[in-house]
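For reference, the structure discussed in these notes is given below.
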Amino acid sequence: MKVFSWTLPIIKMIRAFIYSFQSEWLKRKRSAASWLVILGAFFIPVSITIGRIINFDSLYAVNTSKEAWSKVFGWAWQPMAFFLLPLGVILATSLITQLEFKNNTWKQLHTSPQSLTTIFFAKLLAVITMLFQFFILFNIGIYLAVVIPSIIFRGIPYPEAAIPFMKFFKIDLKFFICCLPIIILQYIVGLQFKNFLIPLGFGLALYVGSMMAMNWKYGYTMPYIYCALNFIKESHGDQPKVNIYIFSVGYFILFTIAGYILYLNKKEKG
């Protein structure tokens, strides 16, 4: 009985968090961020598919190559890592965080039987889950970009080379980690200001500034370029001066704690 009575509050807390997360996830379906994730995930794969169909003369050589999957994977990740992924994370996170301001439902949310801790972390988890959803859809898109031409053209074989699942998973995981500091920074700013343009402008300014300072000797301190640095590392083998993955996780933990404290101590929460 003692063990059960001790664990009961924890079970209730976990259950409340799950319900809160489910609520945040349902809100996402009615937002522009939901469509942004889907369209953003398939934009590059669709572009590559169209390009491969137009230039079908080169498809046979690519699909019969041992690096058939890796080539298309690399083609897809280059524009995604440098531009679309960080910009998409900035926009999507800002949109999701601003939902309560847009719908004027902060007061309703704060009067619900949920703790501020539950609200803060449930919203954050919903944003991170959206990023996970994006990666799944993006990889499906890459797979289709390879397969569709071989379906359309009889003379183009399905790649004989096995899909390097583990290699792709590791690369995806690294990009995912590199996105975490951007998510939490945009999340913090989005919770602090009612005006959607402030977190959006904040993110764009940091992104542009970080890209301009990429060759600066201390450029590795700017997390908004970690996706680009990761692509350079994976494609060219150039090692950053520091372990950007440790930096990413460190920034994420540090900013999460700071954002949580700011949220708890914010006088006007909506």
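As shown in the structure tokens, the chain order sets the letters A, B, ...; within each chain, residues go from 1, and ligands are also counted from 1 in the order they appear.
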According to DSSP computed on the backbone, where in region 11-147 of chain A is there alpha helix (DSSP H)? Give the residues as a PyMOL selection string. chain A and resi 11-29+32-54+59-63+68-79+85-97+99-103+106-110+116-147
Name all residues at most 8 Å from region 16-18 of chain A (count only C-alpha atoms; drop same-chain ones fewer than 4 positions away) and give them as a list in words. Lys12, Gln22, Gln114, Thr118 and Ala122 of chain A
Next, the residues of the selection above should be written as an mmCIF file, in the first residue's frame with C-alpha atoms.
data_model
loop_
_atom_site.group_PDB
_atom_site.id
_atom_site.type_symbol
_atom_site.label_atom_id
_atom_site.label_comp_id
_atom_site.auth_asym_id
_atom_site.auth_seq_id
_atom_site.Cartn_x
_atom_site.Cartn_y
_atom_site.Cartn_z
ATOM 1 C CA LYS A 12 -2.013 11.175 -11.988
ATOM 2 C CA GLN A 22 -3.388 15.247 -26.723
ATOM 3 C CA GLN A 114 -3.628 21.915 -15.450
ATOM 4 C CA THR A 118 2.121 20.614 -17.655
ATOM 5 C CA ALA A 122 2.985 19.627 -23.271
#
Sort by chain and increasing residue number a table of all residues of region 126-230 of chain A within 7 Å of region 45-48 of chain A, each with its closest pair of atoms and their distance in Å to one decimal, counting only C-alpha atoms, and write it as CSV.
residue,atom,partner,partner_atom,distance
A:Gly141,CA,A:Pro45,CA,5.1
A:Ile142,CA,A:Pro45,CA,5.3
A:Ala145,CA,A:Pro45,CA,5.7
Same residues, N, CA and C atoms, saved as a tab-separated table (two decimals), in the first residue's frame:
chain	number	residue	atom	x	y	z
A	141	GLY	N	9.10	10.96	-48.69
A	141	GLY	CA	9.21	11.70	-49.94
A	141	GLY	C	10.46	11.35	-50.72
A	142	ILE	N	11.58	11.19	-50.02
A	142	ILE	CA	12.84	10.81	-50.68
A	142	ILE	C	12.71	9.43	-51.30
A	145	ALA	N	10.74	9.69	-54.41
A	145	ALA	CA	11.51	10.36	-55.46
A	145	ALA	C	12.39	9.38	-56.22
Pick from A:Arg52, A:Lys66, A:Lys241, A:Lys167, whichever lies nearest to Val147 (chain A) using only C-alpha atoms: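 Using only C-alpha atoms, the shortest distance to Val147 (chain A) belongs to A:Arg52.
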Tell me which protein, DNA and RNA residues are within 10 Å of Tyr60 (chain A), counting only C-alpha atoms, leaving out same-chain ones fewer than 5 positions away, and put them as an mmCIF file with N, CA and C atoms, in the first residue's frame.
data_model
loop_
_atom_site.group_PDB
_atom_site.id
_atom_site.type_symbol
_atom_site.label_atom_id
_atom_site.label_comp_id
_atom_site.auth_asym_id
_atom_site.auth_seq_id
_atom_site.Cartn_x
_atom_site.Cartn_y
_atom_site.Cartn_z
ATOM 1 N N SER A 65 23.466 2.583 -59.808
ATOM 2 C CA SER A 65 24.649 2.866 -59.002
ATOM 3 C C SER A 65 24.498 2.301 -57.596
ATOM 4 N N ALA A 68 22.811 4.816 -55.252
ATOM 5 C CA ALA A 68 21.547 5.359 -55.771
ATOM 6 C C ALA A 68 20.749 6.068 -54.678
ATOM 7 N N PRO A 149 10.053 7.366 -60.626
ATOM 8 C CA PRO A 149 10.556 7.295 -62.008
ATOM 9 C C PRO A 149 10.682 5.866 -62.533
ATOM 10 N N SER A 150 11.052 4.926 -61.664
ATOM 11 C CA SER A 150 11.177 3.534 -62.111
ATOM 12 C C SER A 150 9.806 2.917 -62.396
ATOM 13 N N PHE A 153 8.837 4.893 -66.029
ATOM 14 C CA PHE A 153 9.631 4.491 -67.189
ATOM 15 C C PHE A 153 10.024 3.016 -67.080
ATOM 16 N N GLY A 155 12.197 1.320 -68.720
ATOM 17 C CA GLY A 155 13.626 1.031 -68.831
ATOM 18 C C GLY A 155 14.444 1.446 -67.631
ATOM 19 N N ILE A 156 13.800 2.054 -66.640
ATOM 20 C CA ILE A 156 14.516 2.492 -65.444
ATOM 21 C C ILE A 156 14.278 1.489 -64.324
ATOM 22 N N PRO A 157 15.321 0.777 -63.915
ATOM 23 C CA PRO A 157 15.135 -0.273 -62.902
ATOM 24 C C PRO A 157 15.010 0.300 -61.495
ATOM 25 N N TYR A 158 14.351 -0.452 -60.651
ATOM 26 C CA TYR A 158 14.345 -0.134 -59.217
ATOM 27 C C TYR A 158 15.770 -0.360 -58.705
ATOM 28 N N PRO A 159 16.300 0.554 -57.890
ATOM 29 C CA PRO A 159 17.691 0.405 -57.427
ATOM 30 C C PRO A 159 17.959 -0.957 -56.790
#
Using only C-alpha atoms, determine which residues lie at most 10 Å from region 221-223 of chain A, disregarding the query and same-chain residues fewer than 6 positions distant; provide the list as a list of chain:residue names.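 These residues fall inside the cut-off: A:Cys178, A:Cys179, A:Leu180, A:Pro181, A:Ile182, A:Leu185, A:Leu206, A:Tyr207, A:Gly209, A:Ser210, A:Met211, A:Ala213, A:Met214, A:Leu229, A:Val242, A:Ile244, A:Tyr245, A:Phe247, A:Ser248, A:Tyr251, A:Phe252.
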Residue selection dump (N, CA and C atoms) as a PDB file, in the first residue's frame:
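After the write, selection_30.pdb holds the following:
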ATOM      1  N   CYS A 178      20.139  18.967 -34.115  1.00  0.00           N
ATOM      2  CA  CYS A 178      20.559  20.324 -34.473  1.00  0.00           C
ATOM      3  C   CYS A 178      19.393  21.307 -34.487  1.00  0.00           C
ATOM      4  N   CYS A 179      18.176  20.800 -34.637  1.00  0.00           N
ATOM      5  CA  CYS A 179      16.990  21.662 -34.666  1.00  0.00           C
ATOM      6  C   CYS A 179      16.499  22.039 -33.269  1.00  0.00           C
ATOM      7  N   LEU A 180      16.886  21.289 -32.268  1.00  0.00           N
ATOM      8  CA  LEU A 180      16.333  21.488 -30.922  1.00  0.00           C
ATOM      9  C   LEU A 180      16.590  22.885 -30.355  1.00  0.00           C
ATOM     10  N   PRO A 181      17.801  23.458 -30.496  1.00  0.00           N
ATOM     11  CA  PRO A 181      17.998  24.821 -29.965  1.00  0.00           C
ATOM     12  C   PRO A 181      17.114  25.853 -30.650  1.00  0.00           C
ATOM     13  N   ILE A 182      16.878  25.683 -31.958  1.00  0.00           N
ATOM     14  CA  ILE A 182      16.020  26.625 -32.679  1.00  0.00           C
ATOM     15  C   ILE A 182      14.589  26.529 -32.145  1.00  0.00           C
ATOM     16  N   LEU A 185      14.307  28.168 -28.568  1.00  0.00           N
ATOM     17  CA  LEU A 185      14.441  29.626 -28.606  1.00  0.00           C
ATOM     18  C   LEU A 185      13.186  30.279 -29.174  1.00  0.00           C
ATOM     19  N   LEU A 206      18.236  36.063 -36.398  1.00  0.00           N
ATOM     20  CA  LEU A 206      19.297  35.187 -35.904  1.00  0.00           C
ATOM     21  C   LEU A 206      19.794  34.238 -36.987  1.00  0.00           C
ATOM     22  N   TYR A 207      18.872  33.742 -37.811  1.00  0.00           N
ATOM     23  CA  TYR A 207      19.267  32.834 -38.889  1.00  0.00           C
ATOM     24  C   TYR A 207      20.174  33.544 -39.892  1.00  0.00           C
ATOM     25  N   GLY A 209      21.864  36.349 -39.501  1.00  0.00           N
ATOM     26  CA  GLY A 209      23.110  36.726 -38.841  1.00  0.00           C
ATOM     27  C   GLY A 209      24.045  35.550 -38.648  1.00  0.00           C
ATOM     28  N   SER A 210      23.485  34.401 -38.303  1.00  0.00           N
ATOM     29  CA  SER A 210      24.292  33.202 -38.092  1.00  0.00           C
ATOM     30  C   SER A 210      24.925  32.725 -39.398  1.00  0.00           C
ATOM     31  N   MET A 211      24.151  32.754 -40.491  1.00  0.00           N
ATOM     32  CA  MET A 211      24.692  32.338 -41.786  1.00  0.00           C
ATOM     33  C   MET A 211      25.811  33.264 -42.239  1.00  0.00           C
ATOM     34  N   ALA A 213      27.792  34.808 -40.296  1.00  0.00           N
ATOM     35  CA  ALA A 213      28.936  34.614 -39.391  1.00  0.00           C
ATOM     36  C   ALA A 213      29.437  33.172 -39.399  1.00  0.00           C
ATOM     37  N   MET A 214      29.032  32.387 -40.401  1.00  0.00           N
ATOM     38  CA  MET A 214      29.396  30.972 -40.410  1.00  0.00           C
ATOM     39  C   MET A 214      30.912  30.756 -40.400  1.00  0.00           C
ATOM     40  N   LEU A 229      26.055  23.201 -40.757  1.00  0.00           N
ATOM     41  CA  LEU A 229      27.338  22.617 -40.370  1.00  0.00           C
ATOM     42  C   LEU A 229      27.280  21.095 -40.394  1.00  0.00           C
ATOM     43  N   VAL A 242      33.910  22.271 -32.743  1.00  0.00           N
ATOM     44  CA  VAL A 242      33.374  21.668 -31.518  1.00  0.00           C
ATOM     45  C   VAL A 242      32.351  20.608 -31.896  1.00  0.00           C
ATOM     46  N   ILE A 244      28.981  19.872 -32.285  1.00  0.00           N
ATOM     47  CA  ILE A 244      27.752  20.668 -32.366  1.00  0.00           C
ATOM     48  C   ILE A 244      26.551  19.929 -31.782  1.00  0.00           C
ATOM     49  N   TYR A 245      26.627  18.609 -31.681  1.00  0.00           N
ATOM     50  CA  TYR A 245      25.507  17.846 -31.132  1.00  0.00           C
ATOM     51  C   TYR A 245      25.446  18.013 -29.608  1.00  0.00           C
ATOM     52  N   PHE A 247      26.668  20.644 -28.114  1.00  0.00           N
ATOM     53  CA  PHE A 247      26.257  22.042 -27.980  1.00  0.00           C
ATOM     54  C   PHE A 247      24.745  22.164 -28.141  1.00  0.00           C
ATOM     55  N   SER A 248      24.183  21.450 -29.119  1.00  0.00           N
ATOM     56  CA  SER A 248      22.741  21.524 -29.381  1.00  0.00           C
ATOM     57  C   SER A 248      21.949  21.055 -28.163  1.00  0.00           C
ATOM     58  N   TYR A 251      22.451  23.586 -25.302  1.00  0.00           N
ATOM     59  CA  TYR A 251      21.620  24.773 -25.511  1.00  0.00           C
ATOM     60  C   TYR A 251      20.162  24.467 -25.215  1.00  0.00           C
ATOM     61  N   PHE A 252      19.695  23.317 -25.687  1.00  0.00           N
ATOM     62  CA  PHE A 252      18.288  22.953 -25.506  1.00  0.00           C
ATOM     63  C   PHE A 252      17.938  22.851 -24.019  1.00  0.00           C
TER      64      PHE A 252
END
Identify which of the residues A:Ile136, A:Cys227, A:Leu36, A:Ile171 lies closest to Gly74 (chain A), counting only C-alpha atoms when measuring atom-to-atom distances.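 Closest to Gly74 (chain A) of all the choices is A:Ile171.
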Could you produce a table of the residues of region 79-154 of chain A lying within 12 Å of region 262-266 of chain A, with the nearest pair of atoms per residue and their separation in Å rounded to one decimal, using only C-alpha atoms, ordered by chain and increasing residue number, as a Markdown table?
| residue | atom | partner | partner_atom | distance |
| --- | --- | --- | --- | --- |
| A:His110 | CA | A:Leu264 | CA | 11.7 |
| A:Ser115 | CA | A:Leu264 | CA | 10.2 |
| A:Leu116 | CA | A:Leu264 | CA | 6.9 |
| A:Thr117 | CA | A:Leu264 | CA | 8.1 |
| A:Thr118 | CA | A:Leu264 | CA | 11.4 |
| A:Ile119 | CA | A:Tyr263 | CA | 10.1 |
| A:Phe120 | CA | A:Tyr263 | CA | 7.7 |
| A:Phe121 | CA | A:Tyr263 | CA | 10.9 |
Could you please take those selected residues and save C-alpha atoms as a short mmCIF file (atom, residue, chain, number, x, y, z; two decimals), in the first residue's frame?
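Result file result.cif:
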data_model
loop_
_atom_site.label_atom_id
_atom_site.label_comp_id
_atom_site.auth_asym_id
_atom_site.auth_seq_id
_atom_site.Cartn_x
_atom_site.Cartn_y
_atom_site.Cartn_z
CA HIS A 110 -4.88 28.77 -17.41
CA SER A 115 -0.43 23.06 -13.83
CA LEU A 116 1.77 25.62 -15.57
CA THR A 117 4.45 22.95 -15.78
CA THR A 118 2.12 20.61 -17.65
CA ILE A 119 1.06 23.36 -20.06
CA PHE A 120 4.63 24.47 -20.79
CA PHE A 121 6.06 21.02 -21.48
#
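With CA of Ala32 (chain A) on one side and CA of Leu95 (chain A) on the other, the separation reads 7.3 Å.
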Quick one: residues within 7 Å of region 83-91 of chain A, only C-alpha atoms, excluding same-chain residues fewer than 2 positions away - as a count of residues only? 12
So how far away is CA of Ile163 (chain A) from CA of Trp69 (chain A), in Å?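 A separation of 6.3 Å between them.
One finds CA of Ile50 (chain A) at 9.9 Å from CA of Ile148 (chain A).
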Residue with smallest distance to Ile140 (chain A) - pool A:Phe43, A:Ser58, A:Ser112, A:Ile10, counting only C-alpha atoms: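 With only C-alpha atoms as the atom set, the closest residue is A:Phe43.
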Would you pick out the contacts of Phe101 (chain A) at 12 Å or less, using only C-alpha atoms, so that residues sharing its chain but fewer than 2 positions from it are not included, and give the list as a PyMOL selection string? chain A and resi 94-99+103-109+190-196+269-270
Once you have the residues from the selection above, write them out as a PDB file, in the first residue's frame, restricted to C-alpha atoms.
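The new file part.pdb reads:
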ATOM      1  CA  SER A  94       6.188  30.448 -33.923  1.00  0.00           C
ATOM      2  CA  LEU A  95       2.794  29.513 -35.379  1.00  0.00           C
ATOM      3  CA  ILE A  96       2.127  26.758 -32.830  1.00  0.00           C
ATOM      4  CA  THR A  97       3.273  28.852 -29.870  1.00  0.00           C
ATOM      5  CA  GLN A  98       1.079  31.761 -30.942  1.00  0.00           C
ATOM      6  CA  LEU A  99      -2.130  29.688 -31.234  1.00  0.00           C
ATOM      7  CA  ASN A 103      -7.557  32.366 -30.528  1.00  0.00           C
ATOM      8  CA  ASN A 104      -7.518  34.423 -27.311  1.00  0.00           C
ATOM      9  CA  THR A 105      -7.649  31.238 -25.225  1.00  0.00           C
ATOM     10  CA  TRP A 106      -4.780  31.730 -22.764  1.00  0.00           C
ATOM     11  CA  LYS A 107      -7.148  32.638 -19.908  1.00  0.00           C
ATOM     12  CA  GLN A 108      -9.304  29.620 -20.649  1.00  0.00           C
ATOM     13  CA  LEU A 109      -6.233  27.392 -20.673  1.00  0.00           C
ATOM     14  CA  GLY A 190       6.685  33.049 -28.813  1.00  0.00           C
ATOM     15  CA  LEU A 191       5.418  32.620 -25.243  1.00  0.00           C
ATOM     16  CA  GLN A 192       6.651  36.029 -24.197  1.00  0.00           C
ATOM     17  CA  PHE A 193       5.135  38.190 -26.938  1.00  0.00           C
ATOM     18  CA  LYS A 194       1.603  38.427 -28.331  1.00  0.00           C
ATOM     19  CA  ASN A 195       2.687  39.763 -31.704  1.00  0.00           C
ATOM     20  CA  PHE A 196       3.482  36.903 -34.101  1.00  0.00           C
ATOM     21  CA  LYS A 269       0.293  34.900 -19.151  1.00  0.00           C
ATOM     22  CA  GLY A 270      -2.112  35.711 -21.944  1.00  0.00           C
TER      23      GLY A 270
END
